[in-house]
Amino acid sequence: MISSLLGAAAPGFDRPLDVLEACHGRISRQCDTLEKLRAHLPGHGADAQSRQAAHAVLAYFDTAAVHHHDDEERNLFPLLEQANAPGACDLVEMLTLEHDEQALLWRRLRAQLQLIEAGTAATLDDELTTRFIAMNRAHLEFENSHVLPLARQVLGAAEIERLGRAMAARRGVPFAGSL
């Protein structure tokens with residue numbers, strides 16, 4: 001376990017499925033921030049709070065969310081397919097297509113957030129923002145209720161350790177512990 005700055009224990013990479021689930025929680029919180037920003041902008045413009053919120057969302061989706069999708073696409077999904085998990089091929093194809101669509105939406109939203117962060121604009125496309133948030137929330141819910149339980153059911157200790165090691169390496173941190 002890794003202690004966070006708030007004192008709560010965060011899962012370590014020796015528990016990679018828990019790390020993925022915790023990341024889903026962080027993505028959801030960034031969607032909350034995006035919703036608050038959208039509501040804040042009309043009355044306050046690109047004030048310090050707006051710029052700070054835009055910066056936080058940009059920082060998260062430009063780094064941690066990218067790592068998260070790589071964790072799934074490069075490591076978790078292939079492990080599910082190799083384990084011959086029921087429906088894994090269709091599941092992986094659907095989720096990968098959703099990741100691609102999320103990336104397209106992110107690129108469009110990112111440009112707007114960069115302008116807010118710089119203080120040169122104070123609007124977000126409402127339809128785009130709504131679609132991005134809704135797609136992320138539905139995707140997270142599906143992964144939490146279907147993908148992670150499936151992974152917990154079909155992956156053995158060696159596969160779990162391989163996943164955790166790959167996730168740690170992607171972030172340039174040592175892998176602590178062995179299963």
# chains A, B, ... in the order shown; residues from 1 in each chain; ligands from 1

$ closest_atom_pairs --of "region 21-52 of chain A" --to "region 147-161 of chain A" --cutoff "12 Å" --atoms "only C-alpha atoms" --output "CSV"
residue,atom,partner,partner_atom,distance
A:Glu21,CA,A:Leu148,CA,7.7
A:Ala22,CA,A:Leu148,CA,11.5
A:His24,CA,A:Leu148,CA,11.0

$ select_by_dssp --residues "chain A" --states "helix (DSSP H, G or I)" --output "PDB file with C-alpha atoms, in the first residue's frame"
ATOM      1  CA  PRO A  16      -3.034  -3.774 -10.234  1.00  0.00           C
ATOM      2  CA  LEU A  17      -6.761  -4.404 -10.587  1.00  0.00           C
ATOM      3  CA  ASP A  18      -7.337  -2.304  -7.473  1.00  0.00           C
ATOM      4  CA  VAL A  19      -5.083   0.384  -8.978  1.00  0.00           C
ATOM      5  CA  LEU A  20      -7.225   0.386 -12.147  1.00  0.00           C
ATOM      6  CA  GLU A  21     -10.390   0.658 -10.072  1.00  0.00           C
ATOM      7  CA  ALA A  22      -8.917   3.518  -8.026  1.00  0.00           C
ATOM      8  CA  CYS A  23      -7.999   5.253 -11.268  1.00  0.00           C
ATOM      9  CA  HIS A  24     -11.629   4.952 -12.350  1.00  0.00           C
ATOM     10  CA  GLY A  25     -12.553   6.865  -9.202  1.00  0.00           C
ATOM     11  CA  ARG A  26     -10.054   9.598 -10.057  1.00  0.00           C
ATOM     12  CA  ILE A  27     -11.395   9.859 -13.612  1.00  0.00           C
ATOM     13  CA  SER A  28     -14.888  10.228 -12.188  1.00  0.00           C
ATOM     14  CA  ARG A  29     -13.688  13.003  -9.865  1.00  0.00           C
ATOM     15  CA  GLN A  30     -12.108  14.803 -12.824  1.00  0.00           C
ATOM     16  CA  CYS A  31     -15.472  14.570 -14.586  1.00  0.00           C
ATOM     17  CA  ASP A  32     -16.999  16.164 -11.466  1.00  0.00           C
ATOM     18  CA  THR A  33     -14.435  18.974 -11.731  1.00  0.00           C
ATOM     19  CA  LEU A  34     -15.304  19.439 -15.394  1.00  0.00           C
ATOM     20  CA  GLU A  35     -19.019  19.691 -14.537  1.00  0.00           C
ATOM     21  CA  LYS A  36     -18.280  22.255 -11.818  1.00  0.00           C
ATOM     22  CA  LEU A  37     -16.094  24.229 -14.215  1.00  0.00           C
ATOM     23  CA  ARG A  38     -18.825  24.278 -16.853  1.00  0.00           C
ATOM     24  CA  ALA A  39     -21.292  25.632 -14.259  1.00  0.00           C
ATOM     25  CA  HIS A  40     -18.758  28.148 -12.891  1.00  0.00           C
ATOM     26  CA  LEU A  41     -17.658  29.714 -16.187  1.00  0.00           C
ATOM     27  CA  PRO A  42     -20.814  31.683 -17.128  1.00  0.00           C
ATOM     28  CA  GLY A  43     -20.813  33.675 -13.910  1.00  0.00           C
ATOM     29  CA  HIS A  44     -17.090  33.993 -13.316  1.00  0.00           C
ATOM     30  CA  ALA A  48      -8.292  31.886 -10.983  1.00  0.00           C
ATOM     31  CA  GLN A  49     -10.602  29.034  -9.950  1.00  0.00           C
ATOM     32  CA  SER A  50     -11.542  28.320 -13.565  1.00  0.00           C
ATOM     33  CA  ARG A  51      -7.931  28.350 -14.684  1.00  0.00           C
ATOM     34  CA  GLN A  52      -6.937  26.065 -11.798  1.00  0.00           C
ATOM     35  CA  ALA A  53      -9.768  23.612 -12.570  1.00  0.00           C
ATOM     36  CA  ALA A  54      -8.880  23.597 -16.274  1.00  0.00           C
ATOM     37  CA  HIS A  55      -5.250  22.941 -15.362  1.00  0.00           C
ATOM     38  CA  ALA A  56      -6.179  20.019 -13.096  1.00  0.00           C
ATOM     39  CA  VAL A  57      -8.378  18.367 -15.731  1.00  0.00           C
ATOM     40  CA  LEU A  58      -5.734  18.883 -18.414  1.00  0.00           C
ATOM     41  CA  ALA A  59      -2.981  17.479 -16.225  1.00  0.00           C
ATOM     42  CA  TYR A  60      -4.992  14.392 -15.372  1.00  0.00           C
ATOM     43  CA  PHE A  61      -6.311  13.501 -18.811  1.00  0.00           C
ATOM     44  CA  ASP A  62      -2.980  14.277 -20.508  1.00  0.00           C
ATOM     45  CA  THR A  63      -0.993  11.930 -18.263  1.00  0.00           C
ATOM     46  CA  ALA A  64      -2.696   9.557 -15.828  1.00  0.00           C
ATOM     47  CA  ALA A  65      -5.657   8.812 -18.096  1.00  0.00           C
ATOM     48  CA  VAL A  66      -3.291   8.035 -20.982  1.00  0.00           C
ATOM     49  CA  HIS A  67      -1.352   5.621 -18.759  1.00  0.00           C
ATOM     50  CA  HIS A  68      -4.642   4.070 -17.667  1.00  0.00           C
ATOM     51  CA  HIS A  69      -5.777   3.358 -21.223  1.00  0.00           C
ATOM     52  CA  ASP A  70      -2.322   1.943 -22.020  1.00  0.00           C
ATOM     53  CA  ASP A  71      -2.543  -0.277 -18.922  1.00  0.00           C
ATOM     54  CA  GLU A  72      -5.776  -1.697 -20.251  1.00  0.00           C
ATOM     55  CA  GLU A  73      -5.028  -1.896 -23.972  1.00  0.00           C
ATOM     56  CA  ARG A  74      -1.399  -3.033 -23.820  1.00  0.00           C
ATOM     57  CA  ASN A  75      -1.567  -5.251 -20.758  1.00  0.00           C
ATOM     58  CA  LEU A  76      -4.970  -6.093 -19.256  1.00  0.00           C
ATOM     59  CA  PHE A  77      -6.917  -6.724 -22.459  1.00  0.00           C
ATOM     60  CA  PRO A  78      -4.291  -9.059 -23.966  1.00  0.00           C
ATOM     61  CA  LEU A  79      -4.190 -10.987 -20.681  1.00  0.00           C
ATOM     62  CA  LEU A  80      -7.967 -11.426 -20.792  1.00  0.00           C
ATOM     63  CA  GLU A  81      -7.769 -12.667 -24.375  1.00  0.00           C
ATOM     64  CA  GLN A  82      -4.887 -15.043 -23.551  1.00  0.00           C
ATOM     65  CA  ALA A  88     -13.023 -11.258 -24.214  1.00  0.00           C
ATOM     66  CA  CYS A  89     -12.397 -10.581 -27.909  1.00  0.00           C
ATOM     67  CA  ASP A  90     -15.704  -8.734 -28.366  1.00  0.00           C
ATOM     68  CA  LEU A  91     -15.234  -6.947 -25.049  1.00  0.00           C
ATOM     69  CA  VAL A  92     -11.729  -5.794 -25.954  1.00  0.00           C
ATOM     70  CA  GLU A  93     -12.840  -4.592 -29.379  1.00  0.00           C
ATOM     71  CA  MET A  94     -15.734  -2.589 -27.918  1.00  0.00           C
ATOM     72  CA  LEU A  95     -13.656  -1.027 -25.135  1.00  0.00           C
ATOM     73  CA  THR A  96     -10.781  -0.164 -27.482  1.00  0.00           C
ATOM     74  CA  LEU A  97     -13.220   1.592 -29.832  1.00  0.00           C
ATOM     75  CA  GLU A  98     -14.612   3.498 -26.845  1.00  0.00           C
ATOM     76  CA  HIS A  99     -11.079   4.514 -25.852  1.00  0.00           C
ATOM     77  CA  ASP A 100     -10.538   5.806 -29.400  1.00  0.00           C
ATOM     78  CA  GLU A 101     -13.748   7.832 -29.264  1.00  0.00           C
ATOM     79  CA  GLN A 102     -12.840   9.186 -25.832  1.00  0.00           C
ATOM     80  CA  ALA A 103      -9.463  10.283 -27.229  1.00  0.00           C
ATOM     81  CA  LEU A 104     -11.141  12.121 -30.117  1.00  0.00           C
ATOM     82  CA  LEU A 105     -13.515  13.914 -27.753  1.00  0.00           C
ATOM     83  CA  TRP A 106     -10.618  14.715 -25.413  1.00  0.00           C
ATOM     84  CA  ARG A 107      -8.588  16.365 -28.190  1.00  0.00           C
ATOM     85  CA  ARG A 108     -11.484  18.703 -28.949  1.00  0.00           C
ATOM     86  CA  LEU A 109     -12.219  19.454 -25.290  1.00  0.00           C
ATOM     87  CA  ARG A 110      -8.520  19.829 -24.493  1.00  0.00           C
ATOM     88  CA  ALA A 111      -8.174  22.797 -26.863  1.00  0.00           C
ATOM     89  CA  GLN A 112     -11.002  24.609 -25.054  1.00  0.00           C
ATOM     90  CA  LEU A 113      -9.551  23.839 -21.635  1.00  0.00           C
ATOM     91  CA  GLN A 114      -6.139  25.148 -22.694  1.00  0.00           C
ATOM     92  CA  LEU A 115      -7.736  28.498 -23.578  1.00  0.00           C
ATOM     93  CA  ILE A 116      -9.476  28.622 -20.193  1.00  0.00           C
ATOM     94  CA  GLU A 117      -6.233  27.682 -18.421  1.00  0.00           C
ATOM     95  CA  ALA A 118      -4.495  30.536 -20.248  1.00  0.00           C
ATOM     96  CA  ASP A 126     -21.819  22.217 -23.686  1.00  0.00           C
ATOM     97  CA  GLU A 127     -22.667  19.313 -26.007  1.00  0.00           C
ATOM     98  CA  LEU A 128     -19.047  18.203 -26.246  1.00  0.00           C
ATOM     99  CA  THR A 129     -18.518  18.449 -22.489  1.00  0.00           C
ATOM    100  CA  THR A 130     -21.734  16.566 -21.744  1.00  0.00           C
ATOM    101  CA  ARG A 131     -20.837  13.832 -24.224  1.00  0.00           C
ATOM    102  CA  PHE A 132     -17.282  13.485 -22.880  1.00  0.00           C
ATOM    103  CA  ILE A 133     -18.465  13.215 -19.268  1.00  0.00           C
ATOM    104  CA  ALA A 134     -21.324  10.815 -20.075  1.00  0.00           C
ATOM    105  CA  MET A 135     -19.108   8.575 -22.162  1.00  0.00           C
ATOM    106  CA  ASN A 136     -16.452   8.419 -19.441  1.00  0.00           C
ATOM    107  CA  ARG A 137     -18.973   7.661 -16.713  1.00  0.00           C
ATOM    108  CA  ALA A 138     -20.690   4.893 -18.708  1.00  0.00           C
ATOM    109  CA  HIS A 139     -17.333   3.404 -19.689  1.00  0.00           C
ATOM    110  CA  LEU A 140     -16.081   3.400 -16.080  1.00  0.00           C
ATOM    111  CA  GLU A 141     -19.281   1.831 -14.820  1.00  0.00           C
ATOM    112  CA  PHE A 142     -19.048  -0.926 -17.428  1.00  0.00           C
ATOM    113  CA  GLU A 143     -15.415  -1.654 -16.637  1.00  0.00           C
ATOM    114  CA  ASN A 144     -16.082  -1.693 -12.876  1.00  0.00           C
ATOM    115  CA  SER A 145     -19.085  -3.990 -13.181  1.00  0.00           C
ATOM    116  CA  HIS A 146     -17.886  -6.316 -15.974  1.00  0.00           C
ATOM    117  CA  VAL A 147     -14.209  -6.069 -16.899  1.00  0.00           C
ATOM    118  CA  LEU A 148     -12.561  -5.943 -13.480  1.00  0.00           C
ATOM    119  CA  PRO A 149     -14.720  -8.756 -12.037  1.00  0.00           C
ATOM    120  CA  LEU A 150     -13.926 -10.862 -15.113  1.00  0.00           C
ATOM    121  CA  ALA A 151     -10.203 -10.164 -14.697  1.00  0.00           C
ATOM    122  CA  ARG A 152     -10.380 -11.116 -11.013  1.00  0.00           C
ATOM    123  CA  GLN A 153     -12.079 -14.349 -11.996  1.00  0.00           C
ATOM    124  CA  VAL A 154      -9.835 -15.516 -14.853  1.00  0.00           C
ATOM    125  CA  ALA A 157      -1.263 -14.708  -9.743  1.00  0.00           C
ATOM    126  CA  ALA A 158       1.428 -14.716 -12.451  1.00  0.00           C
ATOM    127  CA  GLU A 159      -0.740 -12.667 -14.842  1.00  0.00           C
ATOM    128  CA  ILE A 160      -1.686 -10.248 -12.077  1.00  0.00           C
ATOM    129  CA  GLU A 161       1.969  -9.758 -11.204  1.00  0.00           C
ATOM    130  CA  ARG A 162       2.879  -9.250 -14.885  1.00  0.00           C
ATOM    131  CA  LEU A 163       0.138  -6.616 -15.157  1.00  0.00           C
ATOM    132  CA  GLY A 164       1.347  -4.828 -12.019  1.00  0.00           C
ATOM    133  CA  ARG A 165       4.957  -4.859 -13.152  1.00  0.00           C
ATOM    134  CA  ALA A 166       4.017  -3.404 -16.549  1.00  0.00           C
ATOM    135  CA  MET A 167       1.920  -0.686 -14.912  1.00  0.00           C
ATOM    136  CA  ALA A 168       4.731   0.263 -12.528  1.00  0.00           C
ATOM    137  CA  ALA A 169       7.281   0.313 -15.363  1.00  0.00           C
ATOM    138  CA  ARG A 170       5.012   2.555 -17.462  1.00  0.00           C
ATOM    139  CA  ARG A 171       5.123   5.104 -14.651  1.00  0.00           C
TER     140      ARG A 171
END

$ select_by_dssp --residues "chain A" --states "strand (DSSP E)" --output "VMD selection string"
chain A and resid 2 to 3 9 to 10

$ atom_distance --atom1 "CA of Pro11 (chain A)" --atom2 "CA of Ala176 (chain A)"
11.2 Å

$ decode --residues "region 62-166 of chain A" --atoms "C-alpha atoms" --output "tab-separated table (two decimals), in the first residue's frame"
chain	number	residue	atom	x	y	z
A	62	ASP	CA	-2.98	14.28	-20.51
A	63	THR	CA	-0.99	11.93	-18.26
A	64	ALA	CA	-2.70	9.56	-15.83
A	65	ALA	CA	-5.66	8.81	-18.10
A	66	VAL	CA	-3.29	8.04	-20.98
A	67	HIS	CA	-1.35	5.62	-18.76
A	68	HIS	CA	-4.64	4.07	-17.67
A	69	HIS	CA	-5.78	3.36	-21.22
A	70	ASP	CA	-2.32	1.94	-22.02
A	71	ASP	CA	-2.54	-0.28	-18.92
A	72	GLU	CA	-5.78	-1.70	-20.25
A	73	GLU	CA	-5.03	-1.90	-23.97
A	74	ARG	CA	-1.40	-3.03	-23.82
A	75	ASN	CA	-1.57	-5.25	-20.76
A	76	LEU	CA	-4.97	-6.09	-19.26
A	77	PHE	CA	-6.92	-6.72	-22.46
A	78	PRO	CA	-4.29	-9.06	-23.97
A	79	LEU	CA	-4.19	-10.99	-20.68
A	80	LEU	CA	-7.97	-11.43	-20.79
A	81	GLU	CA	-7.77	-12.67	-24.38
A	82	GLN	CA	-4.89	-15.04	-23.55
A	83	ALA	CA	-6.89	-16.44	-20.64
A	84	ASN	CA	-9.73	-17.19	-23.08
A	85	ALA	CA	-12.09	-15.21	-20.89
A	86	PRO	CA	-15.68	-15.55	-22.10
A	87	GLY	CA	-16.45	-12.85	-24.66
A	88	ALA	CA	-13.02	-11.26	-24.21
A	89	CYS	CA	-12.40	-10.58	-27.91
A	90	ASP	CA	-15.70	-8.73	-28.37
A	91	LEU	CA	-15.23	-6.95	-25.05
A	92	VAL	CA	-11.73	-5.79	-25.95
A	93	GLU	CA	-12.84	-4.59	-29.38
A	94	MET	CA	-15.73	-2.59	-27.92
A	95	LEU	CA	-13.66	-1.03	-25.13
A	96	THR	CA	-10.78	-0.16	-27.48
A	97	LEU	CA	-13.22	1.59	-29.83
A	98	GLU	CA	-14.61	3.50	-26.85
A	99	HIS	CA	-11.08	4.51	-25.85
A	100	ASP	CA	-10.54	5.81	-29.40
A	101	GLU	CA	-13.75	7.83	-29.26
A	102	GLN	CA	-12.84	9.19	-25.83
A	103	ALA	CA	-9.46	10.28	-27.23
A	104	LEU	CA	-11.14	12.12	-30.12
A	105	LEU	CA	-13.51	13.91	-27.75
A	106	TRP	CA	-10.62	14.72	-25.41
A	107	ARG	CA	-8.59	16.36	-28.19
A	108	ARG	CA	-11.48	18.70	-28.95
A	109	LEU	CA	-12.22	19.45	-25.29
A	110	ARG	CA	-8.52	19.83	-24.49
A	111	ALA	CA	-8.17	22.80	-26.86
A	112	GLN	CA	-11.00	24.61	-25.05
A	113	LEU	CA	-9.55	23.84	-21.63
A	114	GLN	CA	-6.14	25.15	-22.69
A	115	LEU	CA	-7.74	28.50	-23.58
A	116	ILE	CA	-9.48	28.62	-20.19
A	117	GLU	CA	-6.23	27.68	-18.42
A	118	ALA	CA	-4.49	30.54	-20.25
A	119	GLY	CA	-7.30	32.93	-19.33
A	120	THR	CA	-8.05	33.74	-22.98
A	121	ALA	CA	-11.48	32.09	-23.20
A	122	ALA	CA	-14.25	31.31	-20.77
A	123	THR	CA	-16.52	28.80	-22.48
A	124	LEU	CA	-16.81	25.08	-22.96
A	125	ASP	CA	-18.89	23.53	-25.72
A	126	ASP	CA	-21.82	22.22	-23.69
A	127	GLU	CA	-22.67	19.31	-26.01
A	128	LEU	CA	-19.05	18.20	-26.25
A	129	THR	CA	-18.52	18.45	-22.49
A	130	THR	CA	-21.73	16.57	-21.74
A	131	ARG	CA	-20.84	13.83	-24.22
A	132	PHE	CA	-17.28	13.49	-22.88
A	133	ILE	CA	-18.47	13.21	-19.27
A	134	ALA	CA	-21.32	10.81	-20.07
A	135	MET	CA	-19.11	8.58	-22.16
A	136	ASN	CA	-16.45	8.42	-19.44
A	137	ARG	CA	-18.97	7.66	-16.71
A	138	ALA	CA	-20.69	4.89	-18.71
A	139	HIS	CA	-17.33	3.40	-19.69
A	140	LEU	CA	-16.08	3.40	-16.08
A	141	GLU	CA	-19.28	1.83	-14.82
A	142	PHE	CA	-19.05	-0.93	-17.43
A	143	GLU	CA	-15.41	-1.65	-16.64
A	144	ASN	CA	-16.08	-1.69	-12.88
A	145	SER	CA	-19.09	-3.99	-13.18
A	146	HIS	CA	-17.89	-6.32	-15.97
A	147	VAL	CA	-14.21	-6.07	-16.90
A	148	LEU	CA	-12.56	-5.94	-13.48
A	149	PRO	CA	-14.72	-8.76	-12.04
A	150	LEU	CA	-13.93	-10.86	-15.11
A	151	ALA	CA	-10.20	-10.16	-14.70
A	152	ARG	CA	-10.38	-11.12	-11.01
A	153	GLN	CA	-12.08	-14.35	-12.00
A	154	VAL	CA	-9.84	-15.52	-14.85
A	155	LEU	CA	-6.35	-14.11	-14.21
A	156	GLY	CA	-3.92	-16.05	-12.08
A	157	ALA	CA	-1.26	-14.71	-9.74
A	158	ALA	CA	1.43	-14.72	-12.45
A	159	GLU	CA	-0.74	-12.67	-14.84
A	160	ILE	CA	-1.69	-10.25	-12.08
A	161	GLU	CA	1.97	-9.76	-11.20
A	162	ARG	CA	2.88	-9.25	-14.89
A	163	LEU	CA	0.14	-6.62	-15.16
A	164	GLY	CA	1.35	-4.83	-12.02
A	165	ARG	CA	4.96	-4.86	-13.15
A	166	ALA	CA	4.02	-3.40	-16.55
